[in-house]
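Next comes target_22.tsv, a file with TSV, C-alpha atoms.
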```tsv
chain	number	residue	atom	x	y	z
U	545	MET	CA	23.18	-0.91	24.74
U	546	LYS	CA	21.51	-4.19	23.77
U	547	ASN	CA	17.98	-2.82	23.97
U	548	ILE	CA	18.74	0.24	21.82
U	549	LEU	CA	18.20	0.10	18.07
U	550	ILE	CA	19.99	2.52	15.75
U	551	GLY	CA	17.82	2.92	12.66
U	552	ILE	CA	19.30	4.39	9.48
U	553	PRO	CA	16.95	5.00	6.54
U	554	ALA	CA	19.11	4.86	3.41
U	555	TYR	CA	18.78	5.38	-0.29
U	556	ASN	CA	21.92	5.40	-2.50
U	557	GLU	CA	24.27	6.25	0.37
U	558	GLU	CA	27.28	4.12	-0.62
U	559	LYS	CA	29.63	7.09	-0.08
U	560	THR	CA	28.86	7.47	3.60
U	561	ILE	CA	27.09	4.40	4.98
U	562	TYR	CA	30.17	2.28	5.73
U	563	ASN	CA	32.00	4.99	7.72
U	564	LEU	CA	28.83	5.99	9.54
U	565	ILE	CA	28.16	2.43	10.73
U	566	LEU	CA	31.78	2.00	11.87
U	567	LYS	CA	31.61	5.26	13.86
U	568	ILE	CA	28.36	4.15	15.51
U	569	ARG	CA	29.81	0.73	16.37
U	570	LYS	CA	32.84	2.44	17.98
U	571	LYS	CA	30.42	4.14	20.38
U	572	GLY	CA	29.35	0.69	21.59
U	573	PHE	CA	26.05	0.23	19.74
U	574	GLU	CA	25.47	-3.31	18.47
U	575	ASN	CA	21.98	-3.18	17.03
U	576	ILE	CA	22.26	-1.16	13.85
U	577	LEU	CA	19.53	-1.50	11.24
U	578	VAL	CA	19.92	-0.02	7.78
U	579	LEU	CA	16.61	0.23	5.98
U	580	ASP	CA	17.56	0.25	2.34
U	581	ASP	CA	14.82	1.86	0.25
U	582	CYS	CA	15.71	-0.15	-2.87
U	583	SER	CA	19.06	1.56	-3.49
U	584	GLN	CA	20.59	1.29	-6.96
U	585	ASP	CA	24.18	1.42	-5.69
U	586	ASN	CA	26.27	-0.59	-3.18
U	587	THR	CA	24.54	0.74	-0.04
U	588	LYS	CA	23.32	-2.73	0.96
U	589	LYS	CA	26.67	-4.48	0.32
U	590	LEU	CA	28.64	-1.87	2.25
U	591	ALA	CA	26.18	-1.86	5.16
U	592	ILE	CA	26.47	-5.66	5.42
U	593	LYS	CA	30.27	-5.38	5.20
U	594	ALA	CA	30.14	-2.95	8.15
U	595	LYS	CA	28.15	-5.66	10.01
U	596	ALA	CA	24.85	-3.84	10.21
U	597	LYS	CA	21.53	-5.60	9.80
U	598	VAL	CA	20.04	-4.66	6.43
U	599	ILE	CA	16.43	-4.90	5.34
U	600	SER	CA	15.65	-3.86	1.77
U	601	HIS	CA	12.40	-2.56	0.39
U	602	PRO	CA	11.50	-4.36	-2.86
U	603	ILE	CA	10.33	-1.05	-4.36
U	604	ASN	CA	11.49	2.50	-3.73
U	605	ARG	CA	8.94	4.70	-2.01
U	606	LYS	CA	10.51	8.01	-3.07
U	607	GLY	CA	11.40	9.39	0.37
U	608	PRO	CA	12.67	8.73	3.90
U	609	GLY	CA	9.19	8.40	5.45
U	610	ALA	CA	8.61	4.86	4.19
U	611	PRO	CA	11.95	3.42	5.46
U	612	THR	CA	11.42	5.24	8.78
U	613	TYR	CA	7.98	3.59	9.05
U	614	SER	CA	9.65	0.20	8.47
U	615	ILE	CA	12.34	0.93	11.10
U	616	ILE	CA	9.68	1.83	13.68
U	617	GLU	CA	7.72	-1.35	12.83
U	618	TYR	CA	10.91	-3.39	13.25
U	619	ALA	CA	11.62	-1.76	16.64
U	620	LYS	CA	8.01	-2.47	17.70
U	621	GLN	CA	8.07	-6.12	16.61
U	622	ASN	CA	11.44	-6.78	18.25
U	623	ASN	CA	10.55	-5.02	21.49
U	624	PHE	CA	13.37	-2.49	21.63
U	625	GLU	CA	13.34	-0.08	24.54
U	626	LYS	CA	14.75	2.82	22.55
U	627	LEU	CA	15.08	3.74	18.90
U	628	VAL	CA	17.61	6.22	17.55
U	629	LEU	CA	16.89	7.54	14.06
U	630	ILE	CA	19.90	9.03	12.28
U	631	ASP	CA	20.50	10.19	8.70
U	632	ALA	CA	22.72	8.09	6.46
U	633	ASP	CA	24.59	11.03	4.89
U	634	GLU	CA	26.89	11.65	7.92
U	635	GLN	CA	25.23	15.00	8.51
U	636	HIS	CA	24.84	14.03	12.16
U	637	CYS	CA	27.65	13.11	14.54
U	638	PRO	CA	27.38	9.68	16.20
U	639	GLU	CA	28.86	11.33	19.32
U	640	ASP	CA	25.54	13.15	19.72
U	641	ILE	CA	23.65	9.85	20.07
U	642	LEU	CA	24.87	9.54	23.66
U	643	LYS	CA	23.96	13.20	24.25
U	644	LEU	CA	20.38	12.57	23.14
U	645	LEU	CA	20.10	9.28	25.02
U	646	LYS	CA	20.93	11.10	28.28
U	647	TYR	CA	17.47	12.72	28.14
U	648	SER	CA	15.56	9.67	26.92
U	649	ASN	CA	14.66	8.48	30.42
U	650	LYS	CA	12.83	11.73	31.14
U	651	TYR	CA	11.21	12.38	27.75
U	652	ASP	CA	9.40	10.20	25.21
U	653	VAL	CA	10.93	11.88	22.14
U	654	ILE	CA	14.25	13.69	21.91
U	655	ILE	CA	14.79	15.80	18.80
U	656	GLY	CA	18.32	16.71	17.76
U	657	SER	CA	17.96	20.35	16.80
U	658	ARG	CA	20.14	22.17	14.27
U	659	MET	CA	18.29	25.41	14.90
U	660	ILE	CA	19.48	25.95	18.48
U	661	SER	CA	23.24	26.20	18.29
U	662	ASN	CA	24.29	25.65	14.66
U	663	ILE	CA	21.99	27.99	12.79
U	664	LYS	CA	24.86	30.16	11.48
U	665	LYS	CA	26.46	27.19	9.71
U	666	MET	CA	23.22	26.18	7.99
U	667	PRO	CA	22.91	27.14	4.32
U	668	ILE	CA	20.31	29.88	3.77
U	669	GLN	CA	18.01	27.74	1.63
U	670	ARG	CA	17.89	25.14	4.40
U	671	LYS	CA	17.09	27.82	6.99
U	672	ILE	CA	14.16	29.03	4.89
U	673	ALA	CA	12.95	25.50	4.18
U	674	ASN	CA	13.16	24.62	7.89
U	675	PHE	CA	11.28	27.73	8.86
U	676	ILE	CA	8.53	26.96	6.33
U	677	GLY	CA	8.45	23.35	7.55
U	678	SER	CA	8.19	24.38	11.22
U	679	PHE	CA	5.49	26.93	10.45
U	680	ILE	CA	3.44	24.44	8.40
U	681	THR	CA	3.89	21.84	11.16
U	682	TYR	CA	2.60	24.32	13.74
U	683	PHE	CA	-0.33	25.31	11.52
U	684	PHE	CA	-1.50	21.75	10.84
U	685	PHE	CA	-0.43	19.94	13.99
U	686	GLY	CA	-0.56	22.59	16.72
U	687	LEU	CA	2.97	22.19	18.05
U	688	PHE	CA	5.87	24.55	17.37
U	689	VAL	CA	9.25	22.83	17.24
U	690	LYS	CA	12.34	24.83	16.22
U	691	ASP	CA	13.71	21.99	14.08
U	692	SER	CA	10.63	19.99	13.09
U	693	GLN	CA	12.44	18.55	10.03
U	694	SER	CA	15.36	17.01	11.91
U	695	GLY	CA	16.05	13.37	11.04
U	696	PHE	CA	17.97	12.81	14.27
U	697	LYS	CA	15.58	11.59	16.95
U	698	VAL	CA	15.37	9.23	19.90
U	699	LEU	CA	12.10	7.49	20.67
U	700	ASN	CA	11.38	5.53	23.81
U	701	LYS	CA	9.16	2.45	23.90
U	702	LYS	CA	5.98	4.44	24.50
U	703	ALA	CA	6.71	6.65	21.50
U	704	ILE	CA	7.67	3.64	19.33
U	705	ASN	CA	4.27	2.08	20.04
U	706	LYS	CA	2.22	5.25	19.67
U	707	ILE	CA	3.76	7.04	16.69
U	708	LYS	CA	2.23	6.12	13.32
U	709	ILE	CA	3.77	7.33	10.08
U	710	THR	CA	1.69	7.47	6.90
U	711	TYR	CA	3.70	9.81	4.62
U	712	ASP	CA	6.49	8.38	2.44
U	713	THR	CA	8.42	11.58	1.84
U	714	TYR	CA	9.68	14.43	4.05
U	715	GLU	CA	6.20	15.20	5.37
U	716	PHE	CA	6.75	12.38	7.86
U	717	CYS	CA	8.96	14.70	9.96
U	718	SER	CA	5.99	17.01	10.54
U	719	GLU	CA	3.72	14.03	11.00
U	720	ILE	CA	5.90	12.80	13.88
U	721	ILE	CA	5.41	16.20	15.56
U	722	GLY	CA	1.68	15.80	15.03
U	723	GLU	CA	1.80	12.33	16.59
U	724	ILE	CA	3.69	13.76	19.60
U	725	TYR	CA	0.89	16.29	20.06
U	726	LYS	CA	-1.95	13.82	19.42
U	727	ASN	CA	-0.58	11.17	21.83
U	728	GLN	CA	0.52	13.76	24.43
U	729	LEU	CA	4.10	12.54	24.36
U	730	SER	CA	6.76	14.53	26.15
U	731	PHE	CA	9.61	15.83	24.02
U	732	LYS	CA	12.78	17.88	24.23
U	733	GLU	CA	14.95	19.56	21.61
U	734	VAL	CA	18.67	19.11	22.19
U	735	PRO	CA	21.32	21.05	20.22
U	736	ILE	CA	23.46	18.88	17.94
U	737	LYS	CA	26.45	19.31	15.67
U	738	VAL	CA	25.72	19.33	11.95
U	739	ILE	CA	28.13	18.66	9.12
U	740	TYR	CA	27.13	19.90	5.67
U	741	THR	CA	29.17	18.20	2.98
U	742	ASN	CA	28.96	18.60	-0.79
U	743	ASN	CA	27.50	15.10	-0.84
U	744	SER	CA	24.62	15.91	1.52
U	745	LEU	CA	23.84	19.26	-0.13
U	746	ASN	CA	24.00	18.05	-3.72
U	747	LYS	CA	21.96	14.87	-3.39
U	748	LYS	CA	18.99	14.64	-5.74
U	749	ASN	CA	15.77	15.55	-3.90
U	750	SER	CA	17.99	16.59	-1.04
U	751	GLY	CA	16.14	17.05	2.21
U	752	GLN	CA	14.23	20.07	3.14
U	753	SER	CA	14.14	22.25	0.07
U	754	ILE	CA	11.74	25.16	-0.36
U	755	LYS	CA	9.97	23.22	-3.13
U	756	ASN	CA	9.44	20.28	-0.76
U	757	GLY	CA	8.09	22.70	1.84
U	758	PHE	CA	5.30	23.80	-0.51
U	759	LYS	CA	4.63	20.21	-1.64
U	760	MET	CA	4.22	19.33	2.03
U	761	LEU	CA	1.67	22.11	2.49
U	762	PHE	CA	-0.40	20.81	-0.43
U	763	LYS	CA	-0.34	17.18	0.83
U	764	PHE	CA	-1.35	18.17	4.38
U	765	PHE	CA	-4.24	20.21	3.01
U	766	ILE	CA	-5.45	17.24	0.94
U	767	LYS	CA	-5.24	14.72	3.79
U	768	ASN	CA	-6.37	16.89	6.68
Q	1454	MET	CA	-31.79	20.01	-35.43
Q	1455	ASN	CA	-28.37	20.55	-37.05
Q	1456	GLN	CA	-25.68	17.96	-37.80
Q	1457	ILE	CA	-23.53	18.78	-34.77
Q	1458	THR	CA	-26.49	18.35	-32.40
Q	1459	PHE	CA	-27.37	15.05	-34.11
Q	1460	PHE	CA	-23.74	13.88	-33.72
Q	1461	PHE	CA	-23.72	14.70	-29.99
Q	1462	ILE	CA	-27.09	12.95	-29.47
Q	1463	ILE	CA	-25.69	9.74	-31.02
Q	1464	LEU	CA	-22.48	10.09	-29.00
Q	1465	THR	CA	-24.46	10.60	-25.76
Q	1466	ILE	CA	-26.55	7.48	-26.49
Q	1467	PHE	CA	-23.37	5.42	-27.03
Q	1468	ILE	CA	-21.85	6.73	-23.79
Q	1469	LEU	CA	-25.01	5.94	-21.83
Q	1470	ILE	CA	-25.14	2.41	-23.27
Q	1471	TYR	CA	-21.44	1.93	-22.40
Q	1472	ILE	CA	-21.90	3.13	-18.80
Q	1473	ILE	CA	-25.00	0.92	-18.25
Q	1474	TYR	CA	-23.26	-2.06	-19.92
Q	1475	SER	CA	-20.11	-1.65	-17.78
Q	1476	PHE	CA	-22.31	-1.53	-14.68
Q	1477	LYS	CA	-23.97	-4.81	-15.73
Q	1478	LEU	CA	-20.50	-6.36	-16.18
Q	1479	LYS	CA	-19.77	-5.49	-12.52
Q	1480	SER	CA	-16.97	-3.12	-13.40
Q	1481	ARG	CA	-15.97	-2.41	-9.75
Q	1482	ILE	CA	-17.05	1.19	-10.07
Q	1483	PRO	CA	-19.30	2.01	-7.11
Q	1484	ILE	CA	-23.05	2.17	-7.83
Q	1485	LEU	CA	-23.30	5.81	-6.80
Q	1486	VAL	CA	-20.56	6.83	-9.25
Q	1487	GLU	CA	-22.31	4.87	-12.05
Q	1488	PHE	CA	-25.62	6.52	-11.17
Q	1489	PHE	CA	-23.98	9.96	-11.10
Q	1490	PHE	CA	-22.63	9.60	-14.64
Q	1491	ILE	CA	-25.88	8.10	-15.95
Q	1492	LEU	CA	-27.72	11.11	-14.50
Q	1493	ILE	CA	-25.27	13.61	-16.03
Q	1494	TYR	CA	-25.49	12.10	-19.51
Q	1495	SER	CA	-29.27	11.69	-19.29
Q	1496	ILE	CA	-29.57	15.42	-18.57
Q	1497	VAL	CA	-27.25	16.16	-21.52
Q	1498	PHE	CA	-29.40	13.90	-23.74
Q	1499	VAL	CA	-32.63	15.67	-22.72
Q	1500	ILE	CA	-31.08	19.14	-23.30
Q	1501	LEU	CA	-29.76	18.10	-26.73
Q	1502	LEU	CA	-33.23	16.81	-27.75
Q	1503	ASN	CA	-35.05	19.86	-26.43
Q	1504	PRO	CA	-32.78	22.94	-25.95
Q	1505	SER	CA	-35.78	25.11	-24.98
Q	1506	ILE	CA	-35.63	23.44	-21.54
Q	1507	LEU	CA	-32.70	25.77	-20.84
Q	1508	ASN	CA	-35.12	28.74	-21.00
Q	1509	ILE	CA	-37.12	27.20	-18.16
Q	1510	VAL	CA	-33.89	26.73	-16.18
Q	1511	GLU	CA	-32.95	30.39	-16.83
Q	1512	ASP	CA	-36.36	31.54	-15.55
Q	1513	ILE	CA	-36.17	29.36	-12.42
Q	1514	LEU	CA	-32.61	30.36	-11.54
Q	1515	ASN	CA	-33.08	33.96	-12.72
Q	1516	ILE	CA	-29.89	33.95	-14.81
Q	1517	ASP	CA	-29.11	35.29	-18.27
Q	1518	SER	CA	-27.52	32.22	-19.77
Q	1519	ALA	CA	-28.05	28.61	-18.62
Q	1520	ILE	CA	-25.25	27.38	-20.89
Q	1521	ASN	CA	-22.71	29.62	-19.15
Q	1522	PHE	CA	-23.94	28.43	-15.78
Q	1523	ILE	CA	-23.58	24.77	-16.88
Q	1524	ILE	CA	-20.04	25.39	-18.14
Q	1525	TYR	CA	-18.88	27.15	-14.97
Q	1526	PHE	CA	-20.51	24.54	-12.78
Q	1527	SER	CA	-18.91	21.71	-14.81
Q	1528	ILE	CA	-15.44	23.23	-14.36
Q	1529	PHE	CA	-16.03	23.65	-10.63
Q	1530	LEU	CA	-17.27	20.06	-10.31
Q	1531	SER	CA	-14.35	18.66	-12.37
Q	1532	TYR	CA	-11.76	20.24	-10.05
Q	1533	PHE	CA	-13.58	18.89	-7.02
Q	1534	ILE	CA	-13.61	15.38	-8.54
Q	1535	ILE	CA	-9.85	15.66	-9.22
Q	1536	PHE	CA	-9.35	16.61	-5.57
Q	1537	LEU	CA	-11.35	13.56	-4.41
Q	1538	LEU	CA	-9.39	11.26	-6.75
Q	1539	TYR	CA	-6.06	12.64	-5.50
Q	1540	ARG	CA	-7.18	12.02	-1.93
Q	1541	LYS	CA	-8.13	8.45	-2.82
Q	1542	THR	CA	-4.73	7.76	-4.42
Q	1543	GLU	CA	-3.01	9.10	-1.29
Q	1544	PHE	CA	-4.73	6.45	0.83
Q	1545	GLN	CA	-3.88	3.75	-1.70
Q	1546	ARG	CA	-0.24	4.87	-1.59
Q	1547	GLU	CA	-0.25	4.28	2.19
Q	1548	ASP	CA	-1.49	0.74	1.64
Q	1549	ILE	CA	1.29	0.08	-0.89
Q	1550	THR	CA	3.91	1.30	1.61
Q	1551	LYS	CA	2.56	-1.05	4.30
Q	1552	LEU	CA	2.68	-3.96	1.85
Q	1553	ASN	CA	6.22	-2.95	0.83
Q	1554	THR	CA	7.33	-3.07	4.49
Q	1555	SER	CA	5.65	-6.42	5.07
Q	1556	LEU	CA	7.31	-7.87	1.96
Q	1557	ALA	CA	10.72	-6.48	2.99
Q	1558	PHE	CA	10.44	-8.17	6.42
Q	1559	THR	CA	9.34	-11.47	4.85
Q	1560	ASN	CA	12.24	-11.38	2.33
Q	1561	HIS	CA	14.65	-10.68	5.18
Q	1562	LYS	CA	13.39	-13.68	7.16
Q	1563	LEU	CA	13.65	-15.90	4.08
Q	1564	GLU	CA	17.23	-14.73	3.42
Q	1565	LYS	CA	18.11	-15.57	7.03
Q	1566	LEU	CA	16.52	-19.01	6.77
Q	1567	SER	CA	18.31	-19.68	3.50
Q	1568	LYS	CA	21.67	-18.69	5.03
Q	1569	ASN	CA	21.07	-20.94	8.06
Q	1570	LEU	CA	20.13	-23.86	5.80
Q	1571	ASN	CA	23.25	-23.37	3.68
Q	1572	ASN	CA	25.42	-23.19	6.81
Q	1573	LYS	CA	23.90	-26.44	8.11
Q	1574	LYS	CA	24.47	-28.09	4.73
Q	1575	ASP	CA	28.12	-26.97	4.71
Q	1576	LYS	CA	28.63	-28.32	8.23
Q	1577	LYS	CA	27.11	-31.69	7.25
Q	1578	ASP	CA	29.29	-31.91	4.14
Q	1579	ASN	CA	32.38	-31.17	6.23
```

Step by step, read the file and then write its structure as structure tokens.
Amino acid sequence: MKNILIGIPAYNEEKTIYNLILKIRKKGFENILVLDDCSQDNTKKLAIKAKAKVISHPINRKGPGAPTYSIIEYAKQNNFEKLVLIDADEQHCPEDILKLLKYSNKYDVIIGSRMISNIKKMPIQRKIANFIGSFITYFFFGLFVKDSQSGFKVLNKKAINKIKITYDTYEFCSEIIGEIYKNQLSFKEVPIKVIYTNNSLNKKNSGQSIKNGFKMLFKFFIKN
Amino acid sequence: MNQITFFFIILTIFILIYIIYSFKLKSRIPILVEFFFILIYSIVFVILLNPSILNIVEDILNIDSAINFIIYFSIFLSYFIIFLLYRKTEFQREDITKLNTSLAFTNHKLEKLSKNLNNKKDKKDN
């Protein structure tokens, strides 16, 4: 597991980051990088206490796209064979990392999909936001993915070197799909377990909201 | 010529002088943008001095009111300029993010170096 990097973009995740890192370490992963997007709480301290590597942005970039860009750059510069991206809010189960890694020898990008087996558990506003996100992604980038907004992904070395992220906020999820299409990378969606807690649902600017879906549409129109 | 027209003529002259002066001071605004605004205000100046020019414009374009046309066109152009500016800021935002990442990596390396130096110092003292 030495050539696998677990990348966790984090902003104000002191409630969950410590436990998440411990759970990941129990699965045998040593290289855990927390990319702290200038958190105002104890995210950095707790991540260091859990013995993860922590790199902090000097200024907050207002979304998970910027820390994900930094994680991919880090993986590129340090020559990792595989990169696992996982959310810091314990929405994803570390057990599923091994499930996704099983397919990573055959495919360039593995996407952990909430829309294959766990759609009944998903709150309705998230279902709508995901549908809008997937539709917009298909419209602008030509590839339909059931869960285009999933933050749980595995990238192999080819994908790490080819994928370029330019959006700071949630648009980066769709941009990754666009990069998969543009660079003709192979991908697979694998069903994963999802845990929705009060913490993950009530976070400010929490994930894929309907408002963010329409903001995404506007930004894609401007740039493309 | 009434007082309002006279006021706008003076104002237009001041704006033109300011734009030309800022261009001479190498204000970092691209030449084409400078030229565009000089052209716009020169046209405004000519129309203010001789409003009957608008009748010629109405005849050429075969429209009822040149003033209405100018207003609608100005609104249309303003929104397009806002769009272009928004696009420009988006690209600048990307550059800031890249710099932010680069700075974060540099700070991380410095922190590591500083820790190693402190550890070496502690070992020497012991």

Proximal residues of chain Q relative to chain U (only C-alpha atoms; 12 Å) as number ranges by chain: Q: 1533, 1535-1565

Limited to C-alpha atoms, could you put the picked residues into a file as a PDB file, in the coordinates of the input?
```
ATOM      1  CA  PHE Q1533     -13.580  18.890  -7.020  1.00  0.00           C
ATOM      2  CA  ILE Q1535      -9.850  15.660  -9.220  1.00  0.00           C
ATOM      3  CA  PHE Q1536      -9.350  16.610  -5.570  1.00  0.00           C
ATOM      4  CA  LEU Q1537     -11.350  13.560  -4.410  1.00  0.00           C
ATOM      5  CA  LEU Q1538      -9.390  11.260  -6.750  1.00  0.00           C
ATOM      6  CA  TYR Q1539      -6.060  12.640  -5.500  1.00  0.00           C
ATOM      7  CA  ARG Q1540      -7.180  12.020  -1.930  1.00  0.00           C
ATOM      8  CA  LYS Q1541      -8.130   8.450  -2.820  1.00  0.00           C
ATOM      9  CA  THR Q1542      -4.730   7.760  -4.420  1.00  0.00           C
ATOM     10  CA  GLU Q1543      -3.010   9.100  -1.290  1.00  0.00           C
ATOM     11  CA  PHE Q1544      -4.730   6.450   0.830  1.00  0.00           C
ATOM     12  CA  GLN Q1545      -3.880   3.750  -1.700  1.00  0.00           C
ATOM     13  CA  ARG Q1546      -0.240   4.870  -1.590  1.00  0.00           C
ATOM     14  CA  GLU Q1547      -0.250   4.280   2.190  1.00  0.00           C
ATOM     15  CA  ASP Q1548      -1.490   0.740   1.640  1.00  0.00           C
ATOM     16  CA  ILE Q1549       1.290   0.080  -0.890  1.00  0.00           C
ATOM     17  CA  THR Q1550       3.910   1.300   1.610  1.00  0.00           C
ATOM     18  CA  LYS Q1551       2.560  -1.050   4.300  1.00  0.00           C
ATOM     19  CA  LEU Q1552       2.680  -3.960   1.850  1.00  0.00           C
ATOM     20  CA  ASN Q1553       6.220  -2.950   0.830  1.00  0.00           C
ATOM     21  CA  THR Q1554       7.330  -3.070   4.490  1.00  0.00           C
ATOM     22  CA  SER Q1555       5.650  -6.420   5.070  1.00  0.00           C
ATOM     23  CA  LEU Q1556       7.310  -7.870   1.960  1.00  0.00           C
ATOM     24  CA  ALA Q1557      10.720  -6.480   2.990  1.00  0.00           C
ATOM     25  CA  PHE Q1558      10.440  -8.170   6.420  1.00  0.00           C
ATOM     26  CA  THR Q1559       9.340 -11.470   4.850  1.00  0.00           C
ATOM     27  CA  ASN Q1560      12.240 -11.380   2.330  1.00  0.00           C
ATOM     28  CA  HIS Q1561      14.650 -10.680   5.180  1.00  0.00           C
ATOM     29  CA  LYS Q1562      13.390 -13.680   7.160  1.00  0.00           C
ATOM     30  CA  LEU Q1563      13.650 -15.900   4.080  1.00  0.00           C
ATOM     31  CA  GLU Q1564      17.230 -14.730   3.420  1.00  0.00           C
ATOM     32  CA  LYS Q1565      18.110 -15.570   7.030  1.00  0.00           C
TER      33      LYS Q1565
END
```

Closest of U:Lys671, U:Lys737, U:Lys708, U:Lys546 to U:Asn623 - atom-to-atom distances counting all atoms listed in the file: U:Lys546

Selection: 8 Å around U:Glu625, only C-alpha atoms, excl. self and same-chain fewer than 4 positions, as a list in words: Asn547, Ile548, Asn700 and Lys701 of chain U

Interatomic distance (Å, one decimal) between atom CA of U:Glu715 and atom CA of U:Ile654: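 Rounded to one decimal, the two atoms are 18.5 Å apart.
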
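Near Q:Phe1461, within a cut-off of 8 Å and counting only C-alpha atoms, sit the residues Ile1457, Thr1465 and Leu1501 of chain Q, with same-chain residues fewer than 4 positions away left out.
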
Which residues come within 10 Å of Q:Phe1522, counting all atoms listed in the file, excluding same-chain residues fewer than 6 positions away, as a compact mmCIF listing (two decimals) with C-alpha atoms, keeping the file's coordinate frame?
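Saved the output as out-v8.txt:
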```
# COMPACT_ATOMS: atom_id res chain seq x y z
CA GLU Q 1511 -32.95 30.39 -16.83
CA LEU Q 1514 -32.61 30.36 -11.54
CA ILE Q 1516 -29.89 33.95 -14.81
```

Atom pair atom CA of U:Val653 / atom CA of U:Ala673: separation (Å):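 About the pair atom CA of U:Val653 and atom CA of U:Ala673: they are 22.6 Å apart.
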
Shell around U:Ser694 at 8 Å using all atoms listed in the file, local window under 4 positions removed, as a list in words: Ile655, Gly656, Ser657, Arg658 and Cys717 of chain U

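In terms of minimum interatomic distance to U:Pro608, U:Ile552 ranks closest within U:Ile576, U:Leu645, U:Ile568, U:Ile552, counting all atoms listed in the file.
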
Computed interatomic separation between atom CA of U:Leu687 and atom CA of U:Asn674 (Å):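 We find that atom CA of U:Leu687 and atom CA of U:Asn674 lie 14.6 Å from each other.
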
Neighbouring residues of Q:Asn1521 were defined as those with any atom within 12 Å, considering only C-alpha atoms; residues of the same chain fewer than 5 positions away were excluded. Please report them as a PDB file with C-alpha atoms, keeping the file's coordinate frame.
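Once everything was written out, this is selection_16.pdb:
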```
ATOM      1  CA  LEU Q1507     -32.700  25.770 -20.840  1.00  0.00           C
ATOM      2  CA  VAL Q1510     -33.890  26.730 -16.180  1.00  0.00           C
ATOM      3  CA  GLU Q1511     -32.950  30.390 -16.830  1.00  0.00           C
ATOM      4  CA  ILE Q1516     -29.890  33.950 -14.810  1.00  0.00           C
ATOM      5  CA  PHE Q1526     -20.510  24.540 -12.780  1.00  0.00           C
ATOM      6  CA  SER Q1527     -18.910  21.710 -14.810  1.00  0.00           C
ATOM      7  CA  ILE Q1528     -15.440  23.230 -14.360  1.00  0.00           C
TER       8      ILE Q1528
END
```
